[in-house]
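Undergrad: My questions all concern the structure below.
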Amino acid sequence: MGRREQVQNEELRGLIDESYAQMRQGQASDAVRTLVRCFLRLIELRPDLISRTIETAGGQRYPFLMSWPALGADLSFESLRKGKPEIELKRERFAISEAMTYYEFVLDTLLSSKM
Amino acid sequence: MKFGLFYELQLPKPYDRDTWDPDAERRIYHEMLEQVELADRVGFDYVFEVEHHFLEEYSHSSAPEMMLAALSQRTQNIRLGHGIVLTPPAYNPPARVAERIAALDLLSNGRVEFGTGESASHMEMAGFGVDRGSKKAMWEECTREITHMMVQTPYPGFKGEFFSMPARNVIPKPVQKPHPPIWVAASRRETTMVAARLGIGSLGFGFETPEELGERALEYYRLIREECMPLGHAINPALAVLNSLMIAESEEEALRRSASGPGFFSYSLGYYYNPMTGTRHRPGEDNLYRRYVDSSPEARSLFEARTESEIARSEPSEEVQRALYRAARNRGSIGTVESVRANLLRYEQQHLDTLIFVAQAGDRKHEHIMESIERFGKQVLPEFKERHETVHRKWRNEQLAGVDFAINSSI
């Protein structure tokens, strides 16, 4: 757990700061779009995330990126299979709790990736 | 640290039949009444009851408001928690939720905890026509409006994305002002942090280690102080997690009495929430308990209690899967009075607000659950209660220093 100030990469920190400001202003939909940009840029910079896997209780492994929250900005499995992850916005409008969820996920991934 | 009981109202089918005993559902409802009456007498702080639909064997608690209303007339002090109410409008129209919460608060003289959530199983969402991709947005929109309905006279009406209604005075109003404490079910760390950002309690389902919880508690309270945008009219800073309870004279006897409780709890939870199995359930036909008992030794071993070090060596890395894994294996508060006390001290040291016990689970026996509640209430709870009022309250007040939102919390 950490704070957005701990993100070292300036470009990514700029995006996470921008999304935070948008959340505070109640612009949840804009914040989600910014977080999607931030996450896709992170994957460009760290392509090893594409092959990172996590293990289930049954011992199976699946791609880490599939744990991206499916709250209307959904990561396509097909694009992940092709090695070029894409996130499709299924809705125009997002709620503040959805933006917060994406924010927490992106910030956690940035920090755990030491970016 | 405060303590509660958590009820799914589990009802495994008999191993050798595909139907329950005709009296089984009536029996577990009345057993729960007795267990909570005892918990109230020996000083437990909370009971939380789920709302689930169609999850046969895993949870037969689809109308918790009825049980909580009955309990409001049989108990004196214990707080009556929805753990949780499903607030997407297809499950419960928002005005009906506001009316029911307020009515229960009146009946119980202000003892309601308003837990909220959105559901995640295919059986429930498809059963009520709730879109998976929009359920969080539905939860937020409707929960926010429900709080307005409990406060505003008249409620001015609302035109939203998922729910609309004209101006009406939604009555009755609750005893607790501005409204009962709000919680959200949180199976992932992200949701706990969203709860902090929205100023509501986190009803955690994660079976975190005490050390993980310590870090989470600090971050939760930091977000309350620094980044909170309240969902309701008063905030409820509160962090609660689940733990399994079974106390007996010896460790061996406690494990024996714990029976398949934690294992079946986790197995059936995983079954309904896994898209591969939860979507294929045959209503009224499948026998989950038999499937659990007959699963391969390798699969069964996934659900057997282990020591903490064994768990740490083999547990999955993904958070929800890890929670299921721990729920099944972690001894939690299963043991003697002494070992349970030692386990709980580790949570207390990490500043957890509330620990909620799963006692009724799988094929555990009513008399063993009653004995555990009594032993815990008489031999363990008093010292924790005393330290809660002194040590924890002081720590929590320090965490909340400078917070200028209205607070309504029972912690």
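Simple scheme: letters A, B, ... for chains in structure tokens order, numbers from 1 for residues in each chain, numbers from 1 for ligands in the order shown.
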Could you name the residues that touch segment 48-53 of chain A at 7 Å or less, counting only C-alpha atoms, but leaving out those on the same chain fewer than 3 positions away, as a list in words?
TA: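 Close residues of segment 48-53 of chain A: Ile43, Arg61, Tyr62, Pro63, Phe64, Leu65 and Gly83 of chain A.
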Undergrad: Got a sec to tell me which of segment 109-221 of chain B DSSP assigns to strand (DSSP E), as a list in words?
TA: Val112, Glu113, Phe114, Gly115, Thr116, Gly117, Phe158, Lys159, Ser164, Met165, Ile182, Trp183, Val184, Ala185, Ala186, Gly201, Ser202, Leu203 and Gly204 of chain B
Undergrad: Identify all residues of segment 329-361 of chain B in helix (DSSP H, G or I) (DSSP on the backbone) and supply them as a VMD selection string.
TA: chain B and resid 329 337 to 349
Undergrad: Let me see the file: selected residues, all heavy atoms, as a tab-separated table (two decimals), in the first residue's frame.
TA:
chain	number	residue	atom	x	y	z
B	329	ARG	N	-8.66	-23.28	5.56
B	329	ARG	CA	-7.58	-23.95	6.29
B	329	ARG	C	-7.23	-23.31	7.61
B	329	ARG	O	-6.79	-23.98	8.53
B	329	ARG	CB	-6.32	-23.95	5.43
B	329	ARG	CG	-6.44	-24.80	4.22
B	329	ARG	CD	-5.24	-24.51	3.34
B	329	ARG	NE	-5.38	-25.17	2.07
B	329	ARG	CZ	-6.23	-24.79	1.15
B	329	ARG	NH1	-7.02	-23.76	1.37
B	329	ARG	NH2	-6.31	-25.44	0.01
B	337	VAL	N	-9.96	-22.10	25.10
B	337	VAL	CA	-10.07	-20.70	25.51
B	337	VAL	C	-8.71	-20.01	25.41
B	337	VAL	O	-8.60	-18.88	24.91
B	337	VAL	CB	-10.64	-20.62	26.95
B	337	VAL	CG1	-10.37	-19.26	27.57
B	337	VAL	CG2	-12.12	-20.92	26.95
B	338	GLU	N	-7.67	-20.71	25.83
B	338	GLU	CA	-6.33	-20.11	25.86
B	338	GLU	C	-5.80	-19.84	24.45
B	338	GLU	O	-5.26	-18.77	24.17
B	338	GLU	CB	-5.35	-21.02	26.61
B	338	GLU	CG	-5.59	-21.12	28.11
B	338	GLU	CD	-6.85	-21.93	28.45
B	338	GLU	OE1	-7.23	-22.83	27.67
B	338	GLU	OE2	-7.47	-21.64	29.51
B	339	SER	N	-5.95	-20.82	23.56
B	339	SER	CA	-5.40	-20.62	22.22
B	339	SER	C	-6.21	-19.58	21.44
B	339	SER	O	-5.66	-18.82	20.65
B	339	SER	CB	-5.32	-21.94	21.46
B	339	SER	OG	-6.60	-22.45	21.19
B	340	VAL	N	-7.51	-19.55	21.68
B	340	VAL	CA	-8.34	-18.54	21.00
B	340	VAL	C	-7.96	-17.15	21.51
B	340	VAL	O	-7.82	-16.21	20.71
B	340	VAL	CB	-9.84	-18.84	21.22
B	340	VAL	CG1	-10.70	-17.66	20.82
B	340	VAL	CG2	-10.24	-20.09	20.45
B	341	ARG	N	-7.76	-17.03	22.79
B	341	ARG	CA	-7.35	-15.73	23.36
B	341	ARG	C	-6.02	-15.28	22.72
B	341	ARG	O	-5.88	-14.12	22.31
B	341	ARG	CB	-7.20	-15.82	24.87
B	341	ARG	CG	-6.71	-14.50	25.48
B	341	ARG	CD	-6.40	-14.63	26.97
B	341	ARG	NE	-7.59	-14.80	27.76
B	341	ARG	CZ	-7.85	-15.84	28.55
B	341	ARG	NH1	-6.98	-16.83	28.63
B	341	ARG	NH2	-8.94	-15.89	29.25
B	342	ALA	N	-5.08	-16.20	22.61
B	342	ALA	CA	-3.78	-15.85	22.03
B	342	ALA	C	-3.92	-15.41	20.58
B	342	ALA	O	-3.28	-14.44	20.14
B	342	ALA	CB	-2.84	-17.05	22.13
B	343	ASN	N	-4.77	-16.10	19.85
B	343	ASN	CA	-5.00	-15.73	18.44
B	343	ASN	C	-5.59	-14.31	18.35
B	343	ASN	O	-5.14	-13.48	17.56
B	343	ASN	CB	-5.96	-16.75	17.80
B	343	ASN	CG	-6.30	-16.39	16.37
B	343	ASN	OD1	-5.42	-16.11	15.56
B	343	ASN	ND2	-7.59	-16.40	16.06
B	344	LEU	N	-6.55	-14.03	19.21
B	344	LEU	CA	-7.24	-12.74	19.13
B	344	LEU	C	-6.36	-11.58	19.58
B	344	LEU	O	-6.51	-10.45	19.09
B	344	LEU	CB	-8.52	-12.79	19.96
B	344	LEU	CG	-9.55	-13.79	19.44
B	344	LEU	CD1	-10.75	-13.86	20.37
B	344	LEU	CD2	-10.00	-13.43	18.03
B	345	LEU	N	-5.44	-11.86	20.49
B	345	LEU	CA	-4.53	-10.79	20.92
B	345	LEU	C	-3.72	-10.25	19.74
B	345	LEU	O	-3.41	-9.06	19.67
B	345	LEU	CB	-3.57	-11.32	22.00
B	345	LEU	CG	-4.16	-11.43	23.40
B	345	LEU	CD1	-3.21	-12.19	24.33
B	345	LEU	CD2	-4.47	-10.04	23.97
B	346	ARG	N	-3.40	-11.12	18.79
B	346	ARG	CA	-2.63	-10.67	17.62
B	346	ARG	C	-3.45	-9.69	16.78
B	346	ARG	O	-2.92	-8.74	16.21
B	346	ARG	CB	-2.22	-11.87	16.78
B	346	ARG	CG	-1.29	-12.83	17.53
B	346	ARG	CD	-1.07	-14.11	16.77
B	346	ARG	NE	-0.52	-13.88	15.44
B	346	ARG	CZ	-0.76	-14.65	14.38
B	346	ARG	NH1	-1.55	-15.69	14.48
B	346	ARG	NH2	-0.22	-14.38	13.23
B	347	TYR	N	-4.76	-9.92	16.68
B	347	TYR	CA	-5.61	-8.98	15.95
B	347	TYR	C	-5.75	-7.67	16.72
B	347	TYR	O	-5.74	-6.59	16.15
B	347	TYR	CB	-7.00	-9.59	15.70
B	347	TYR	CG	-6.99	-10.68	14.66
B	347	TYR	CD1	-6.80	-12.01	15.01
B	347	TYR	CD2	-7.17	-10.38	13.31
B	347	TYR	CE1	-6.79	-13.02	14.06
B	347	TYR	CE2	-7.15	-11.38	12.35
B	347	TYR	CZ	-6.96	-12.70	12.73
B	347	TYR	OH	-6.94	-13.69	11.79
B	348	GLU	N	-5.90	-7.80	18.02
B	348	GLU	CA	-6.05	-6.61	18.85
B	348	GLU	C	-4.83	-5.71	18.74
B	348	GLU	O	-4.95	-4.48	18.65
B	348	GLU	CB	-6.27	-7.03	20.30
B	348	GLU	CG	-6.58	-5.88	21.23
B	348	GLU	CD	-6.67	-6.34	22.68
B	348	GLU	OE1	-5.68	-6.88	23.21
B	348	GLU	OE2	-7.74	-6.17	23.28
B	349	GLN	N	-3.65	-6.33	18.71
B	349	GLN	CA	-2.42	-5.54	18.63
B	349	GLN	C	-2.33	-4.76	17.32
B	349	GLN	O	-1.61	-3.78	17.22
B	349	GLN	CB	-1.20	-6.46	18.76
B	349	GLN	CG	-0.96	-6.92	20.19
B	349	GLN	CD	-0.08	-8.16	20.25
B	349	GLN	OE1	0.43	-8.64	19.24
B	349	GLN	NE2	0.12	-8.67	21.45
Undergrad: Enumerate, in order of chain and increasing residue number, the residues of chain A with an atom no farther than 6 Å from chain B, each with its shortest atom pair and distance in Å to one decimal, counting only C-alpha atoms, as a tab-separated table.
TA:
residue	atom	partner	partner_atom	distance
A:Ile54	CA	B:Glu318	CA	5.7
A:Glu55	CA	B:Pro316	CA	5.0
A:Thr56	CA	B:Gln321	CA	5.3
A:Ala57	CA	B:Gln321	CA	5.2
A:Leu71	CA	B:Gly133	CA	4.9
A:Gly72	CA	B:Gly133	CA	5.2
A:Ala95	CA	B:Ala137	CA	5.3
A:Met100	CA	B:Val194	CA	5.9
A:Thr101	CA	B:Glu190	CA	5.9
A:Glu104	CA	B:Glu190	CA	5.7
Undergrad: Residues near Glu31 of chain B, anyone? I mean within 10 Å using only C-alpha atoms, not counting same-chain ones fewer than 4 positions away, as a list in words.
TA: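 These residues fall inside the cut-off: Leu9, Glu25, Arg26, Arg27, Gln35, Val36, Glu37, Gln360, Lys365, His366, Glu367, Ile369 and Met370 of chain B.
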Undergrad: Residues of the last selection are to be written out with C-alpha atoms, as a PDB file, in the first residue's frame.
TA:
ATOM      1  CA  LEU B   9     -27.543 -19.901   7.563  1.00  0.00           C
ATOM      2  CA  GLU B  25     -34.907 -24.936   7.496  1.00  0.00           C
ATOM      3  CA  ARG B  26     -37.253 -24.232  10.404  1.00  0.00           C
ATOM      4  CA  ARG B  27     -34.684 -25.807  12.724  1.00  0.00           C
ATOM      5  CA  GLN B  35     -27.615 -18.612  19.513  1.00  0.00           C
ATOM      6  CA  VAL B  36     -28.015 -14.849  19.148  1.00  0.00           C
ATOM      7  CA  GLU B  37     -30.119 -14.594  22.306  1.00  0.00           C
ATOM      8  CA  GLN B 360     -22.740 -21.606  12.148  1.00  0.00           C
ATOM      9  CA  LYS B 365     -23.867 -28.910  15.733  1.00  0.00           C
ATOM     10  CA  HIS B 366     -26.100 -26.342  17.438  1.00  0.00           C
ATOM     11  CA  GLU B 367     -25.084 -27.483  20.937  1.00  0.00           C
ATOM     12  CA  ILE B 369     -21.997 -23.553  18.739  1.00  0.00           C
ATOM     13  CA  MET B 370     -23.948 -22.637  21.884  1.00  0.00           C
TER      14      MET B 370
END
Undergrad: Need the shell around Ser268 of chain B: protein/DNA/RNA residues with any atom at most 10 Å away, counting only C-alpha atoms. Skip same-chain ones fewer than 5 positions apart. Format as a PDB file with N, CA, C and O atoms, in the first residue's frame?
TA:
ATOM      1  N   GLN B  10     -26.134 -21.685   6.777  1.00  0.00           N
ATOM      2  CA  GLN B  10     -25.738 -22.789   5.900  1.00  0.00           C
ATOM      3  C   GLN B  10     -26.581 -24.031   6.202  1.00  0.00           C
ATOM      4  O   GLN B  10     -26.931 -24.291   7.365  1.00  0.00           O
ATOM      5  N   PRO B  12     -26.179 -27.764   4.638  1.00  0.00           N
ATOM      6  CA  PRO B  12     -25.767 -28.833   3.716  1.00  0.00           C
ATOM      7  C   PRO B  12     -26.869 -29.884   3.585  1.00  0.00           C
ATOM      8  O   PRO B  12     -27.559 -30.193   4.562  1.00  0.00           O
ATOM      9  N   LEU B  55     -28.725 -19.603  -3.329  1.00  0.00           N
ATOM     10  CA  LEU B  55     -27.447 -20.294  -3.135  1.00  0.00           C
ATOM     11  C   LEU B  55     -27.664 -21.483  -2.191  1.00  0.00           C
ATOM     12  O   LEU B  55     -27.243 -21.471  -1.025  1.00  0.00           O
ATOM     13  N   GLU B  56     -28.336 -22.494  -2.707  1.00  0.00           N
ATOM     14  CA  GLU B  56     -28.721 -23.660  -1.904  1.00  0.00           C
ATOM     15  C   GLU B  56     -27.529 -24.229  -1.142  1.00  0.00           C
ATOM     16  O   GLU B  56     -26.438 -24.324  -1.689  1.00  0.00           O
ATOM     17  N   GLU B  57     -27.771 -24.623   0.067  1.00  0.00           N
ATOM     18  CA  GLU B  57     -26.792 -25.212   0.991  1.00  0.00           C
ATOM     19  C   GLU B  57     -25.814 -24.164   1.523  1.00  0.00           C
ATOM     20  O   GLU B  57     -25.532 -24.117   2.701  1.00  0.00           O
ATOM     21  N   TYR B  58     -25.296 -23.287   0.636  1.00  0.00           N
ATOM     22  CA  TYR B  58     -24.342 -22.265   1.094  1.00  0.00           C
ATOM     23  C   TYR B  58     -25.015 -21.240   1.998  1.00  0.00           C
ATOM     24  O   TYR B  58     -24.488 -20.863   3.039  1.00  0.00           O
ATOM     25  N   SER B  59     -26.198 -20.758   1.597  1.00  0.00           N
ATOM     26  CA  SER B  59     -26.879 -19.744   2.406  1.00  0.00           C
ATOM     27  C   SER B  59     -28.385 -19.798   2.195  1.00  0.00           C
ATOM     28  O   SER B  59     -28.859 -19.611   1.073  1.00  0.00           O
ATOM     29  N   GLY B 263     -14.349 -25.903   5.968  1.00  0.00           N
ATOM     30  CA  GLY B 263     -14.110 -26.514   4.656  1.00  0.00           C
ATOM     31  C   GLY B 263     -15.319 -26.376   3.750  1.00  0.00           C
ATOM     32  O   GLY B 263     -15.208 -25.948   2.600  1.00  0.00           O
ATOM     33  N   TYR B 273     -19.242 -18.874  -6.604  1.00  0.00           N
ATOM     34  CA  TYR B 273     -18.625 -17.644  -7.114  1.00  0.00           C
ATOM     35  C   TYR B 273     -17.632 -17.902  -8.238  1.00  0.00           C
ATOM     36  O   TYR B 273     -17.150 -16.961  -8.858  1.00  0.00           O
ATOM     37  N   ASN B 274     -17.341 -19.174  -8.506  1.00  0.00           N
ATOM     38  CA  ASN B 274     -16.479 -19.502  -9.635  1.00  0.00           C
ATOM     39  C   ASN B 274     -17.356 -19.587 -10.889  1.00  0.00           C
ATOM     40  O   ASN B 274     -18.309 -20.365 -10.939  1.00  0.00           O
ATOM     41  N   GLY B 278     -20.337 -22.044 -10.824  1.00  0.00           N
ATOM     42  CA  GLY B 278     -21.528 -21.307 -10.389  1.00  0.00           C
ATOM     43  C   GLY B 278     -22.567 -21.151 -11.485  1.00  0.00           C
ATOM     44  O   GLY B 278     -23.770 -21.074 -11.209  1.00  0.00           O
ATOM     45  N   LEU B 288     -24.314 -30.309  -3.020  1.00  0.00           N
ATOM     46  CA  LEU B 288     -22.967 -29.762  -2.834  1.00  0.00           C
ATOM     47  C   LEU B 288     -22.201 -30.477  -1.736  1.00  0.00           C
ATOM     48  O   LEU B 288     -20.999 -30.671  -1.830  1.00  0.00           O
ATOM     49  N   TYR B 289     -22.926 -30.826  -0.667  1.00  0.00           N
ATOM     50  CA  TYR B 289     -22.244 -31.464   0.458  1.00  0.00           C
ATOM     51  C   TYR B 289     -21.646 -32.796   0.023  1.00  0.00           C
ATOM     52  O   TYR B 289     -20.494 -33.106   0.346  1.00  0.00           O
ATOM     53  N   ARG B 291     -20.838 -33.630  -2.976  1.00  0.00           N
ATOM     54  CA  ARG B 291     -19.750 -33.315  -3.900  1.00  0.00           C
ATOM     55  C   ARG B 291     -18.480 -32.954  -3.123  1.00  0.00           C
ATOM     56  O   ARG B 291     -17.384 -33.359  -3.484  1.00  0.00           O
ATOM     57  N   TYR B 292     -18.684 -32.206  -2.036  1.00  0.00           N
ATOM     58  CA  TYR B 292     -17.537 -31.819  -1.193  1.00  0.00           C
ATOM     59  C   TYR B 292     -16.903 -33.050  -0.538  1.00  0.00           C
ATOM     60  O   TYR B 292     -15.692 -33.253  -0.606  1.00  0.00           O
ATOM     61  N   GLY B 362     -21.390 -25.231   7.674  1.00  0.00           N
ATOM     62  CA  GLY B 362     -21.311 -26.651   7.332  1.00  0.00           C
ATOM     63  C   GLY B 362     -22.199 -27.488   8.239  1.00  0.00           C
ATOM     64  O   GLY B 362     -23.333 -27.122   8.534  1.00  0.00           O
TER      65      GLY B 362
END
Undergrad: If I take atom CA of Leu86 of chain B and atom CA of Ala186 of chain B, how far is one from the other in Å, to one decimal?
TA: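 Going from atom CA of Leu86 of chain B over to atom CA of Ala186 of chain B, I get 13.1 Å.
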Undergrad: Applying 10 Å and only C-alpha atoms, which residues near Val170 of chain B remain after dropping the ones on its own chain fewer than 4 positions away? List them as a compact mmCIF listing (two decimals) with C-alpha atoms, in the first residue's frame.
TA:
# COMPACT_ATOMS: atom_id res chain seq x y z
CA ALA B 95 -37.43 3.24 -0.93
CA ARG B 96 -38.30 -0.21 0.44
CA ALA B 98 -35.02 2.86 3.54
CA GLU B 99 -38.41 1.93 5.01
CA ALA B 102 -35.88 2.64 9.60
CA ILE B 146 -31.35 5.48 0.51
CA HIS B 148 -31.10 10.74 1.57
CA MET B 149 -34.50 9.08 2.03
CA MET B 150 -33.74 8.39 5.71
CA VAL B 151 -32.76 12.02 6.29
CA GLN B 152 -34.77 14.30 4.02
CA THR B 153 -38.38 15.40 4.66
CA PRO B 154 -39.69 15.08 2.07
CA TYR B 155 -37.30 13.17 -0.15
CA PRO B 156 -37.25 15.42 -3.23
Undergrad: Pick the closest to Glu98 of chain A from A:Val7, A:Leu42, A:Ala70, A:Leu111: which is it, counting only C-alpha atoms?
TA: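 Smallest separation from Glu98 of chain A among the options: A:Ala70.
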Undergrad: So which residues touch Val32 of chain A within 10 Å, counting only C-alpha atoms, skipping near sequence neighbours fewer than 2 positions away, as a list of chain:residue names?
TA: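 Those residues are A:Ser19, A:Tyr20, A:Gln22, A:Met23, A:Gln27, A:Ala28, A:Ser29, A:Asp30, A:Thr34, A:Leu35, A:Val36, A:Arg37, A:Cys38, A:Gly72, A:Ala73, A:Leu89, A:Arg93, A:Phe94, A:Ala95, A:Ile96, A:Glu98, A:Ala99, A:Met100, A:Thr101, A:Tyr102, A:Tyr103.
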Undergrad: For the selection just defined, write its residues with C-alpha atoms to a file, as a PDB file, in the first residue's frame.
TA:
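What landed in part02.pdb:
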ATOM      1  CA  SER A  19      -7.029  10.916 -12.166  1.00  0.00           C
ATOM      2  CA  TYR A  20      -6.986  11.746  -8.459  1.00  0.00           C
ATOM      3  CA  GLN A  22     -10.660  14.321 -11.412  1.00  0.00           C
ATOM      4  CA  MET A  23     -12.054  12.037  -8.697  1.00  0.00           C
ATOM      5  CA  GLN A  27     -15.497  13.676 -12.560  1.00  0.00           C
ATOM      6  CA  ALA A  28     -15.589   9.903 -12.207  1.00  0.00           C
ATOM      7  CA  SER A  29     -15.876   9.120 -15.927  1.00  0.00           C
ATOM      8  CA  ASP A  30     -12.870  11.295 -16.780  1.00  0.00           C
ATOM      9  CA  THR A  34      -7.238   8.648 -17.328  1.00  0.00           C
ATOM     10  CA  LEU A  35      -6.646   5.499 -15.291  1.00  0.00           C
ATOM     11  CA  VAL A  36      -7.132   3.337 -18.383  1.00  0.00           C
ATOM     12  CA  ARG A  37      -4.496   5.440 -20.190  1.00  0.00           C
ATOM     13  CA  CYS A  38      -2.194   5.142 -17.222  1.00  0.00           C
ATOM     14  CA  GLY A  72     -17.406  -1.242 -17.467  1.00  0.00           C
ATOM     15  CA  ALA A  73     -13.852  -0.536 -18.644  1.00  0.00           C
ATOM     16  CA  LEU A  89     -15.151   1.273 -22.371  1.00  0.00           C
ATOM     17  CA  ARG A  93     -20.648   7.190 -17.508  1.00  0.00           C
ATOM     18  CA  PHE A  94     -18.909   5.786 -14.453  1.00  0.00           C
ATOM     19  CA  ALA A  95     -19.645   6.090 -10.743  1.00  0.00           C
ATOM     20  CA  ILE A  96     -17.171   7.505  -8.243  1.00  0.00           C
ATOM     21  CA  GLU A  98     -15.844   2.562  -9.829  1.00  0.00           C
ATOM     22  CA  ALA A  99     -13.228   5.245 -10.417  1.00  0.00           C
ATOM     23  CA  MET A 100     -11.914   4.680  -6.877  1.00  0.00           C
ATOM     24  CA  THR A 101     -11.669   0.931  -7.494  1.00  0.00           C
ATOM     25  CA  TYR A 102      -9.683   1.420 -10.703  1.00  0.00           C
ATOM     26  CA  TYR A 103      -7.524   4.007  -8.946  1.00  0.00           C
TER      27      TYR A 103
END
Undergrad: What does the structure give for the distance between atom CA of Glu374 of chain B and atom CA of Val358 of chain B, in Å to one decimal?
TA: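 Here the two named atoms are 14.8 Å from each other.
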Undergrad: Can you work out the spacing between atom CA of Ile78 of chain B and atom CA of Ser260 of chain B in Å, to one decimal?
TA: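 These two atoms are separated by 28.1 Å.
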